[in-house]
Each structure stands twice: as structure tokens, then as C-alpha cells.
Amino acid sequence: MNITTLEVICLVVVAFWLVMRLRSGTEARGPLLLRMLVIAVGAWITEDTCIRLYGFYFYNREAWGLMVDEVPLLVLLIWPVVVTSTTDLLDTLRIPKQRWPLLMFGLVVADAFFIEPAAVDAGLWTWTQPGPFSIPTIGILGWGLYGAGIGVVKWRGWNFASVVVVGPIVCHALLLALWWALFRHVPLLLSDVALGIVGWAISLSVVFVIVKKRPPGLRRMVWLRAPAAVFFFSLLAIHGRDADDVGLVIWCLAFAPPWLAVLICSTTPAEQTATV
């Protein structure tokens with residue numbers, strides 16, 4: 001199997017994030033790398049079993065050359081970056097651990113709502129169920145359900161062995177519960193443009209909170225996420241040129257203002273101390 005151009009770009013993005021994260025000196029190299037490896041294994045178990053059991057989506061093997069059964073190897077390297085950057089955010093904001101499962105769910109879903117439409121439009125993977133931007137709503141939520149499982153592990157104290165058990169079990173249990181209780185009967189279909197309007201309303205609300213609260217220490221996280229954001233906005237620029245993609249463009253652009261607000265309004269720890 002040959003590595004594709006897409007995979008080289010993904011590898012560069014992951015390597016940049018990892019190098020900068022290690023240079024921050026906030027955590028020893030060994031524990032960080034071990035935790036990321038375990039998160040990747042848990043993500044593979046979750047995704048591979050979801051694909052085989054439910055058949056709701058599949059990866060385009062022409063775009064991904066290096067596969068681990070049904071899941072691209074580079075996707076498994078991206079999962080630890082998504083999860084770890086989310087836990088870093090919650091740590092920086094000093095969020096109480098008992099709130100982590102719900103917030104991990106919400107923040108990972110937010111990432112998924114940005115990544116999925118651009119990636120599906122570019123043909124990196126395909127869903128077999130309908131939904132906005134050709135993505136079933138429960139598919140987006142599935143990202144967050146694995147994140148919620150990691151949040152449970154973090155809340156109870158990191159136990160690496162439990163990540164590969166709790167994450168997949170929580171994800172499958174909640175997926176099945178949501179499917180049979182709600183999404184099987186009510187697919188929650190929205191027009192792409194309507195969803196884009198909702199996205200902008202949420203985005204501007206988040207901007208208002210950021211401007212008001214001026215959260216400290218988040219600028220570095222924006223720069224760490226910048227290469228990945230540029231990559232997905234590039235996908236959007238390349239593939240989202242048709243008239244039918246207006247809703248997709250409106251939707252994806254809604255994710256920029258909160259991060260720009262962080263760059264402008266987030267204070268450094270020294271600035272925050274000076275204002276107390």
C-alpha cells in the first residue's frame with residue numbers, strides 16, 4: 001500500500017501539533033505519548049466496530065492508502081490530537097472533572113461538525129444514511145460519544161487500560177440508545193442553509209462570551225489548531241465551489257469567529273493576574 005498525498009499532509013499536521021505540544025513542557029514526553037497511543041487504540045476499536053456492526057459509513061480507499069482494517073492509519077493518529085487538544089482546553093480553563101464527560105462530548109462534537117462536512121464533500125468518507133451535508137446527525141454525535149467516554153476516564157483518574165474499554169463501550173451504548181429512542185424515528189433533517197444560520201447564531205453567541213470573559217491562556221491552542229483548520233478550509237476552497245455548496249460554505253465559515261475572538265481577547269496568565 002502506498003501513502004497518499006492526503007496522508008502526507010495529515011502526517012505533517014499531526015507532527016506539527018505533537019512537536020509544539022512537546023515543546024510546551026507542560027507534560028513529560030513519555031506519559032503524553034503513551035496516552036495518545038492508548039487513545040488511538042481506543043478510537044480504532046470504536047470506529048472499526050461501528051463500521052462493521054452498523055454500516056453507516058465507510059472510508060474512501062482511494063484517498064487513504066494506509067488502512068488498519070476499515071480505518072485509515074492517519075485517522076487513528078488524528079484522534080489523539082482531537083482528544084488531547086480538548087482535554088488541554090478543559091485543563092487550561094480549570095473545569096471541574098465531574099463536568100468533563102458532558103463538555104468533552106460537546107467540544108468533540110463541535111470539531112466533528114466542522115470536519116465532517118468538509119471531509120465528506122471532498123470524498124474522504126461517505127455516509128449511507130441521510131442528513132444535512134449528506135451526514136446523519138447521529139454520525140456527528142458519535143464523535144462526541146467517544147469523547148464523553150474519555151471524559152469519564154479522565155474524571156475517574158487516568159487509567160490507560162480503561163481507555164480502550166470505557167471509550168468504545170460508552171460510545172456503542174449511547175449510540176444504540178440514541179438510535180432506538182430517537183434517531184431511528186426522527187432523523188432530524190435540516191436544510192444546509194438553515195443549519196448554517198443556526199451555526200452562525202451559536203458562533204456569535206460564543207464570541208460574545210469570549211469577549212466578555214476574556215479567558216486566559218488560550219492563544220497558544222489556537223496556533224496549535226491553525227494547521228488543521230487551514231487544511232480543512234483548503235478542502236472547502238477546492239471542493240466547495242458549486243452553487244449547491246453555498247450552505248456548506250456558510251456553515252464552515254461560522255467556526256472561524258470564536259477562534260479569532262480568542263486570539264484577540266484571550267489574556268496571558270500575567271495579564272489575568274494583573275486584572276485581579
# chains A, B, ... in the order shown; residues from 1 in each chain; ligands from 1

call {"tool": "select_by_dssp", "arguments": {"residues": "segment 85-258 of chain A", "states": "helix (DSSP H, G or I)", "output": "CSV table (one decimal) with N, CA and C atoms, in the first residue's frame"}}
result
chain,number,residue,atom,x,y,z
A,85,SER,N,-6.1,17.8,22.6
A,85,SER,CA,-6.3,19.3,22.5
A,85,SER,C,-7.6,19.7,23.3
A,86,THR,N,-8.6,18.8,23.3
A,86,THR,CA,-9.8,19.1,24.0
A,86,THR,C,-9.6,19.0,25.5
A,87,THR,N,-8.8,18.0,26.0
A,87,THR,CA,-8.5,17.9,27.4
A,87,THR,C,-7.6,19.1,27.8
A,88,ASP,N,-6.7,19.5,27.0
A,88,ASP,CA,-5.8,20.6,27.3
A,88,ASP,C,-6.7,21.9,27.5
A,89,LEU,N,-7.7,22.1,26.7
A,89,LEU,CA,-8.6,23.2,26.8
A,89,LEU,C,-9.3,23.2,28.1
A,90,LEU,N,-9.8,22.1,28.5
A,90,LEU,CA,-10.6,22.0,29.8
A,90,LEU,C,-9.6,22.1,31.0
A,91,ASP,N,-8.4,21.6,30.8
A,91,ASP,CA,-7.4,21.8,31.9
A,91,ASP,C,-7.0,23.3,32.0
A,92,THR,N,-6.9,24.0,30.9
A,92,THR,CA,-6.5,25.4,31.0
A,92,THR,C,-7.6,26.2,31.6
A,97,LYS,N,-13.6,18.2,37.1
A,97,LYS,CA,-13.5,16.9,36.4
A,97,LYS,C,-14.9,16.3,36.2
A,98,GLN,N,-15.9,16.5,37.2
A,98,GLN,CA,-17.2,15.9,37.0
A,98,GLN,C,-18.0,16.4,35.8
A,99,ARG,N,-17.5,17.6,35.3
A,99,ARG,CA,-18.2,18.2,34.1
A,99,ARG,C,-17.5,17.7,32.8
A,100,TRP,N,-16.4,17.0,32.9
A,100,TRP,CA,-15.7,16.6,31.7
A,100,TRP,C,-16.4,15.8,30.7
A,101,PRO,N,-17.2,14.7,31.2
A,101,PRO,CA,-17.9,13.9,30.1
A,101,PRO,C,-18.8,14.7,29.2
A,102,LEU,N,-19.6,15.6,29.8
A,102,LEU,CA,-20.5,16.4,29.0
A,102,LEU,C,-19.8,17.4,28.1
A,103,LEU,N,-18.8,18.1,28.7
A,103,LEU,CA,-18.0,19.1,27.9
A,103,LEU,C,-17.2,18.4,26.9
A,104,MET,N,-16.6,17.2,27.2
A,104,MET,CA,-15.8,16.5,26.1
A,104,MET,C,-16.8,16.2,25.0
A,105,PHE,N,-18.0,15.7,25.3
A,105,PHE,CA,-18.9,15.4,24.3
A,105,PHE,C,-19.2,16.6,23.4
A,106,GLY,N,-19.5,17.8,24.0
A,106,GLY,CA,-19.8,19.0,23.3
A,106,GLY,C,-18.7,19.5,22.4
A,107,LEU,N,-17.5,19.5,23.0
A,107,LEU,CA,-16.4,20.1,22.3
A,107,LEU,C,-15.9,19.2,21.1
A,108,VAL,N,-15.9,17.9,21.3
A,108,VAL,CA,-15.6,17.0,20.2
A,108,VAL,C,-16.6,17.0,19.1
A,109,VAL,N,-17.9,17.1,19.5
A,109,VAL,CA,-19.0,17.3,18.5
A,109,VAL,C,-18.8,18.6,17.7
A,110,ALA,N,-18.3,19.6,18.4
A,110,ALA,CA,-18.1,20.9,17.7
A,110,ALA,C,-17.0,20.7,16.6
A,111,ASP,N,-15.9,20.0,17.0
A,111,ASP,CA,-14.9,19.7,16.0
A,111,ASP,C,-15.5,18.8,14.8
A,112,ALA,N,-16.3,17.9,15.2
A,112,ALA,CA,-16.9,17.0,14.1
A,112,ALA,C,-17.8,17.8,13.2
A,113,PHE,N,-18.5,18.7,13.7
A,113,PHE,CA,-19.4,19.5,12.9
A,113,PHE,C,-18.7,20.3,11.9
A,114,PHE,N,-17.4,20.7,12.2
A,114,PHE,CA,-16.6,21.4,11.2
A,114,PHE,C,-15.9,20.4,10.2
A,115,ILE,N,-15.3,19.4,10.8
A,115,ILE,CA,-14.5,18.4,10.0
A,115,ILE,C,-15.4,17.6,9.0
A,116,GLU,N,-16.5,17.1,9.5
A,116,GLU,CA,-17.3,16.1,8.7
A,116,GLU,C,-17.8,16.7,7.4
A,117,PRO,N,-18.5,17.9,7.4
A,117,PRO,CA,-19.0,18.4,6.1
A,117,PRO,C,-17.9,18.6,5.1
A,118,ALA,N,-16.8,19.2,5.5
A,118,ALA,CA,-15.7,19.5,4.5
A,118,ALA,C,-15.1,18.2,4.0
A,119,ALA,N,-14.9,17.2,4.9
A,119,ALA,CA,-14.3,15.9,4.5
A,119,ALA,C,-15.2,15.1,3.6
A,120,VAL,N,-16.5,15.1,4.0
A,120,VAL,CA,-17.5,14.3,3.1
A,120,VAL,C,-17.6,14.9,1.8
A,121,ASP,N,-17.7,16.3,1.7
A,121,ASP,CA,-17.8,16.9,0.4
A,121,ASP,C,-16.5,16.7,-0.4
A,132,PRO,N,-28.1,16.5,7.0
A,132,PRO,CA,-27.5,17.7,6.4
A,132,PRO,C,-26.1,17.5,6.0
A,133,PHE,N,-25.8,18.1,4.8
A,133,PHE,CA,-24.5,17.9,4.2
A,133,PHE,C,-24.2,16.4,3.9
A,134,SER,N,-25.2,15.6,3.7
A,134,SER,CA,-25.1,14.1,3.5
A,134,SER,C,-24.5,13.4,4.7
A,137,THR,N,-27.2,13.0,11.5
A,137,THR,CA,-26.9,13.7,12.8
A,137,THR,C,-26.3,12.8,13.8
A,138,ILE,N,-26.8,11.6,13.9
A,138,ILE,CA,-26.2,10.6,14.9
A,138,ILE,C,-24.7,10.3,14.6
A,139,GLY,N,-24.3,10.4,13.3
A,139,GLY,CA,-23.0,10.2,12.9
A,139,GLY,C,-22.0,11.3,13.5
A,140,ILE,N,-22.5,12.6,13.5
A,140,ILE,CA,-21.8,13.6,14.1
A,140,ILE,C,-21.6,13.4,15.6
A,141,LEU,N,-22.7,13.0,16.2
A,141,LEU,CA,-22.7,12.9,17.7
A,141,LEU,C,-21.8,11.7,18.1
A,142,GLY,N,-21.6,10.7,17.2
A,142,GLY,CA,-20.8,9.6,17.5
A,142,GLY,C,-19.4,10.0,17.9
A,143,TRP,N,-18.8,11.0,17.3
A,143,TRP,CA,-17.5,11.5,17.7
A,143,TRP,C,-17.5,11.9,19.2
A,144,GLY,N,-18.6,12.7,19.5
A,144,GLY,CA,-18.6,13.2,20.9
A,144,GLY,C,-18.9,12.1,21.9
A,145,LEU,N,-19.5,11.0,21.5
A,145,LEU,CA,-19.8,10.0,22.4
A,145,LEU,C,-18.5,9.2,22.8
A,146,TYR,N,-17.6,9.1,21.9
A,146,TYR,CA,-16.3,8.6,22.2
A,146,TYR,C,-15.5,9.6,23.1
A,147,GLY,N,-15.6,10.8,22.8
A,147,GLY,CA,-15.0,11.9,23.7
A,147,GLY,C,-15.6,11.8,25.1
A,148,ALA,N,-16.9,11.6,25.2
A,148,ALA,CA,-17.5,11.5,26.5
A,148,ALA,C,-17.0,10.4,27.3
A,149,GLY,N,-16.7,9.2,26.6
A,149,GLY,CA,-16.1,8.1,27.3
A,149,GLY,C,-14.7,8.4,27.8
A,150,ILE,N,-13.9,9.2,27.1
A,150,ILE,CA,-12.6,9.6,27.5
A,150,ILE,C,-12.8,10.6,28.7
A,151,GLY,N,-13.8,11.4,28.7
A,151,GLY,CA,-14.1,12.3,29.8
A,151,GLY,C,-14.4,11.6,31.1
A,152,VAL,N,-15.1,10.5,30.9
A,152,VAL,CA,-15.4,9.6,32.1
A,152,VAL,C,-14.1,9.1,32.7
A,153,VAL,N,-13.2,8.6,31.8
A,153,VAL,CA,-11.9,8.1,32.3
A,153,VAL,C,-11.1,9.2,33.0
A,154,LYS,N,-11.1,10.4,32.4
A,154,LYS,CA,-10.3,11.5,33.0
A,154,LYS,C,-10.9,11.9,34.3
A,155,TRP,N,-12.2,11.9,34.4
A,155,TRP,CA,-12.9,12.2,35.7
A,155,TRP,C,-12.5,11.3,36.8
A,160,PHE,N,-4.9,3.9,31.8
A,160,PHE,CA,-4.7,3.7,30.3
A,160,PHE,C,-5.5,2.5,29.8
A,161,ALA,N,-5.5,1.4,30.6
A,161,ALA,CA,-6.2,0.2,30.2
A,161,ALA,C,-7.7,0.5,30.0
A,162,SER,N,-8.2,1.3,30.8
A,162,SER,CA,-9.7,1.6,30.8
A,162,SER,C,-10.1,2.4,29.6
A,163,VAL,N,-9.1,3.1,29.0
A,163,VAL,CA,-9.5,4.0,27.8
A,163,VAL,C,-10.0,3.1,26.7
A,164,VAL,N,-9.3,2.0,26.5
A,164,VAL,CA,-9.7,1.1,25.3
A,164,VAL,C,-10.9,0.3,25.6
A,165,VAL,N,-11.4,0.4,26.9
A,165,VAL,CA,-12.6,-0.3,27.2
A,165,VAL,C,-13.8,0.6,27.4
A,166,VAL,N,-13.6,1.7,28.2
A,166,VAL,CA,-14.6,2.6,28.5
A,166,VAL,C,-15.1,3.4,27.3
A,167,GLY,N,-14.1,4.0,26.6
A,167,GLY,CA,-14.4,4.8,25.4
A,167,GLY,C,-15.3,4.0,24.4
A,168,PRO,N,-14.9,2.9,23.9
A,168,PRO,CA,-15.8,2.1,23.0
A,168,PRO,C,-17.1,1.7,23.6
A,169,ILE,N,-17.2,1.3,24.8
A,169,ILE,CA,-18.4,0.8,25.4
A,169,ILE,C,-19.4,2.0,25.6
A,170,VAL,N,-18.9,3.1,26.1
A,170,VAL,CA,-19.8,4.3,26.2
A,170,VAL,C,-20.3,4.7,24.9
A,171,CYS,N,-19.4,4.8,23.9
A,171,CYS,CA,-19.8,5.2,22.5
A,171,CYS,C,-20.9,4.3,22.0
A,172,HIS,N,-20.7,2.9,22.0
A,172,HIS,CA,-21.7,2.0,21.5
A,172,HIS,C,-23.0,2.1,22.3
A,173,ALA,N,-22.9,2.1,23.6
A,173,ALA,CA,-24.1,2.1,24.4
A,173,ALA,C,-25.0,3.3,24.1
A,174,LEU,N,-24.4,4.5,24.0
A,174,LEU,CA,-25.1,5.7,23.8
A,174,LEU,C,-25.6,5.8,22.3
A,175,LEU,N,-24.8,5.3,21.4
A,175,LEU,CA,-25.2,5.3,20.0
A,175,LEU,C,-26.5,4.5,19.9
A,176,LEU,N,-26.5,3.3,20.4
A,176,LEU,CA,-27.7,2.4,20.3
A,176,LEU,C,-28.9,3.0,21.0
A,177,ALA,N,-28.6,3.6,22.2
A,177,ALA,CA,-29.8,4.3,22.9
A,177,ALA,C,-30.3,5.4,22.1
A,178,LEU,N,-29.5,6.3,21.6
A,178,LEU,CA,-30.0,7.4,20.8
A,178,LEU,C,-30.7,7.0,19.5
A,179,TRP,N,-30.1,5.9,18.9
A,179,TRP,CA,-30.7,5.5,17.6
A,179,TRP,C,-32.1,4.9,17.9
A,180,TRP,N,-32.3,4.0,18.8
A,180,TRP,CA,-33.6,3.4,19.0
A,180,TRP,C,-34.6,4.3,19.7
A,181,ALA,N,-34.1,5.2,20.5
A,181,ALA,CA,-35.0,6.1,21.2
A,181,ALA,C,-35.4,7.3,20.4
A,182,LEU,N,-34.5,7.7,19.5
A,182,LEU,CA,-34.8,9.0,18.8
A,182,LEU,C,-34.6,8.9,17.3
A,183,PHE,N,-33.3,8.7,16.9
A,183,PHE,CA,-32.9,9.0,15.5
A,183,PHE,C,-33.5,8.0,14.5
A,192,ASP,N,-29.3,22.6,4.5
A,192,ASP,CA,-28.0,23.0,4.8
A,192,ASP,C,-27.9,24.5,5.1
A,193,VAL,N,-28.7,25.3,4.5
A,193,VAL,CA,-28.7,26.8,4.7
A,193,VAL,C,-29.2,27.0,6.1
A,194,ALA,N,-30.3,26.3,6.5
A,194,ALA,CA,-30.9,26.5,7.8
A,194,ALA,C,-29.9,26.2,8.9
A,195,LEU,N,-29.2,25.1,8.7
A,195,LEU,CA,-28.2,24.7,9.7
A,195,LEU,C,-27.1,25.7,9.7
A,196,GLY,N,-26.7,26.3,8.6
A,196,GLY,CA,-25.7,27.3,8.6
A,196,GLY,C,-26.1,28.5,9.4
A,197,ILE,N,-27.4,28.9,9.3
A,197,ILE,CA,-27.9,30.0,10.1
A,197,ILE,C,-27.8,29.7,11.6
A,198,VAL,N,-28.2,28.5,11.9
A,198,VAL,CA,-28.1,28.1,13.3
A,198,VAL,C,-26.6,28.1,13.8
A,199,GLY,N,-25.7,27.6,12.9
A,199,GLY,CA,-24.3,27.7,13.3
A,199,GLY,C,-23.8,29.0,13.5
A,200,TRP,N,-24.2,30.0,12.7
A,200,TRP,CA,-23.7,31.4,12.9
A,200,TRP,C,-24.3,32.0,14.2
A,201,ALA,N,-25.5,31.6,14.5
A,201,ALA,CA,-26.1,32.1,15.8
A,201,ALA,C,-25.4,31.6,17.0
A,202,ILE,N,-25.0,30.3,17.0
A,202,ILE,CA,-24.2,29.8,18.0
A,202,ILE,C,-22.8,30.4,18.1
A,203,SER,N,-22.2,30.6,16.9
A,203,SER,CA,-20.9,31.1,16.8
A,203,SER,C,-20.8,32.5,17.4
A,204,LEU,N,-21.7,33.4,17.0
A,204,LEU,CA,-21.7,34.7,17.5
A,204,LEU,C,-22.0,34.8,19.0
A,205,SER,N,-22.8,33.8,19.5
A,205,SER,CA,-23.0,33.7,21.0
A,205,SER,C,-21.8,33.4,21.7
A,206,VAL,N,-21.0,32.4,21.1
A,206,VAL,CA,-19.7,32.1,21.7
A,206,VAL,C,-18.7,33.3,21.7
A,207,VAL,N,-18.7,34.0,20.6
A,207,VAL,CA,-17.9,35.2,20.5
A,207,VAL,C,-18.2,36.2,21.6
A,208,PHE,N,-19.5,36.4,21.9
A,208,PHE,CA,-20.0,37.3,22.9
A,208,PHE,C,-19.4,36.8,24.3
A,209,VAL,N,-19.5,35.5,24.6
A,209,VAL,CA,-19.0,35.0,25.9
A,209,VAL,C,-17.5,35.2,26.0
A,210,ILE,N,-16.7,35.0,24.9
A,210,ILE,CA,-15.3,35.1,24.9
A,210,ILE,C,-14.9,36.6,25.1
A,211,VAL,N,-15.6,37.5,24.5
A,211,VAL,CA,-15.3,38.9,24.6
A,211,VAL,C,-15.6,39.3,26.1
A,212,LYS,N,-16.6,38.8,26.6
A,212,LYS,CA,-17.0,39.2,28.0
A,212,LYS,C,-16.1,38.6,29.0
A,213,LYS,N,-15.7,37.3,28.9
A,213,LYS,CA,-15.0,36.6,29.9
A,213,LYS,C,-13.5,36.7,29.7
A,219,ARG,N,-4.5,31.4,23.6
A,219,ARG,CA,-4.0,31.8,22.3
A,219,ARG,C,-3.1,30.7,21.7
A,220,ARG,N,-2.3,30.1,22.6
A,220,ARG,CA,-1.4,29.0,22.1
A,220,ARG,C,-2.2,27.9,21.5
A,221,MET,N,-3.4,27.6,22.0
A,221,MET,CA,-4.2,26.5,21.5
A,221,MET,C,-4.7,26.8,20.1
A,222,VAL,N,-5.0,28.1,19.9
A,222,VAL,CA,-5.4,28.5,18.5
A,222,VAL,C,-4.3,28.2,17.5
A,223,TRP,N,-3.1,28.6,17.9
A,223,TRP,CA,-2.0,28.4,16.9
A,223,TRP,C,-1.7,26.9,16.7
A,224,LEU,N,-1.9,26.1,17.7
A,224,LEU,CA,-1.7,24.7,17.6
A,224,LEU,C,-2.7,24.1,16.6
A,225,ARG,N,-3.9,24.6,16.7
A,225,ARG,CA,-5.0,24.1,15.8
A,225,ARG,C,-5.0,24.7,14.4
A,226,ALA,N,-4.2,25.8,14.2
A,226,ALA,CA,-4.2,26.5,12.9
A,226,ALA,C,-3.9,25.6,11.7
A,227,PRO,N,-2.9,24.8,11.7
A,227,PRO,CA,-2.6,24.0,10.5
A,227,PRO,C,-3.8,23.1,10.1
A,228,ALA,N,-4.4,22.5,11.1
A,228,ALA,CA,-5.6,21.6,10.8
A,228,ALA,C,-6.7,22.4,10.2
A,229,ALA,N,-6.9,23.6,10.8
A,229,ALA,CA,-8.0,24.5,10.3
A,229,ALA,C,-7.7,24.9,8.9
A,230,VAL,N,-6.5,25.3,8.6
A,230,VAL,CA,-6.1,25.7,7.2
A,230,VAL,C,-6.3,24.5,6.2
A,231,PHE,N,-6.0,23.3,6.7
A,231,PHE,CA,-6.2,22.1,5.8
A,231,PHE,C,-7.7,21.9,5.4
A,232,PHE,N,-8.5,22.0,6.4
A,232,PHE,CA,-10.0,21.8,6.1
A,232,PHE,C,-10.6,23.0,5.4
A,233,PHE,N,-10.1,24.2,5.7
A,233,PHE,CA,-10.6,25.3,4.9
A,233,PHE,C,-10.1,25.2,3.4
A,234,SER,N,-8.9,24.6,3.2
A,234,SER,CA,-8.4,24.4,1.9
A,234,SER,C,-9.3,23.4,1.2
A,235,LEU,N,-9.7,22.3,1.9
A,235,LEU,CA,-10.6,21.4,1.2
A,235,LEU,C,-11.9,22.1,0.8
A,236,LEU,N,-12.4,22.9,1.7
A,236,LEU,CA,-13.6,23.7,1.4
A,236,LEU,C,-13.4,24.5,0.1
A,237,ALA,N,-12.2,25.2,0.0
A,237,ALA,CA,-12.0,26.1,-1.1
A,237,ALA,C,-11.9,25.3,-2.4
A,238,ILE,N,-11.3,24.1,-2.3
A,238,ILE,CA,-11.1,23.3,-3.5
A,238,ILE,C,-12.4,22.7,-4.0
A,239,HIS,N,-13.1,22.1,-3.0
A,239,HIS,CA,-14.3,21.3,-3.4
A,239,HIS,C,-15.6,22.0,-3.3
A,243,ALA,N,-22.7,25.8,-6.8
A,243,ALA,CA,-23.8,26.6,-6.2
A,243,ALA,C,-24.5,25.8,-5.1
A,244,ASP,N,-24.5,24.4,-5.2
A,244,ASP,CA,-25.1,23.6,-4.2
A,244,ASP,C,-24.4,23.6,-2.9
A,245,ASP,N,-23.1,24.2,-2.9
A,245,ASP,CA,-22.3,24.2,-1.7
A,245,ASP,C,-22.4,25.5,-0.9
A,246,VAL,N,-23.3,26.3,-1.2
A,246,VAL,CA,-23.4,27.6,-0.5
A,246,VAL,C,-23.7,27.4,1.0
A,247,GLY,N,-24.6,26.5,1.3
A,247,GLY,CA,-24.9,26.2,2.7
A,247,GLY,C,-23.6,25.6,3.4
A,248,LEU,N,-22.9,24.8,2.7
A,248,LEU,CA,-21.6,24.3,3.3
A,248,LEU,C,-20.6,25.4,3.7
A,249,VAL,N,-20.5,26.3,2.7
A,249,VAL,CA,-19.5,27.4,3.0
A,249,VAL,C,-20.0,28.3,4.1
A,250,ILE,N,-21.3,28.6,4.1
A,250,ILE,CA,-21.8,29.4,5.2
A,250,ILE,C,-21.6,28.7,6.6
A,251,TRP,N,-21.8,27.4,6.6
A,251,TRP,CA,-21.7,26.6,7.8
A,251,TRP,C,-20.2,26.6,8.3
A,252,CYS,N,-19.3,26.3,7.4
A,252,CYS,CA,-17.9,26.1,7.8
A,252,CYS,C,-17.3,27.5,8.3
A,253,LEU,N,-17.7,28.6,7.6
A,253,LEU,CA,-17.1,29.9,8.0
A,253,LEU,C,-17.6,30.3,9.4
A,256,ALA,N,-15.0,30.1,12.3
A,256,ALA,CA,-13.8,30.9,12.4
A,256,ALA,C,-13.9,32.0,13.5
A,257,PRO,N,-15.1,32.7,13.6
A,257,PRO,CA,-15.1,33.9,14.6
A,257,PRO,C,-14.7,33.5,16.0
A,258,PRO,N,-15.2,32.4,16.6
A,258,PRO,CA,-14.8,32.2,18.0
A,258,PRO,C,-13.3,32.1,18.2

call {"tool": "atom_distance", "arguments": {"atom1": "atom CA of Arg61 of chain A", "atom2": "atom CA of Leu18 of chain A"}}
result
26.1 Å

call {"tool": "closest_residue", "arguments": {"among": "A:Leu218, A:Cys10, A:Gly131, A:Arg156", "to": "Trp64 of chain A", "atoms": "only C-alpha atoms"}}
result
A:Cys10

call {"tool": "atom_distance", "arguments": {"atom1": "atom CA of Trp17 of chain A", "atom2": "atom CA of Leu73 of chain A"}}
result
17.0 Å
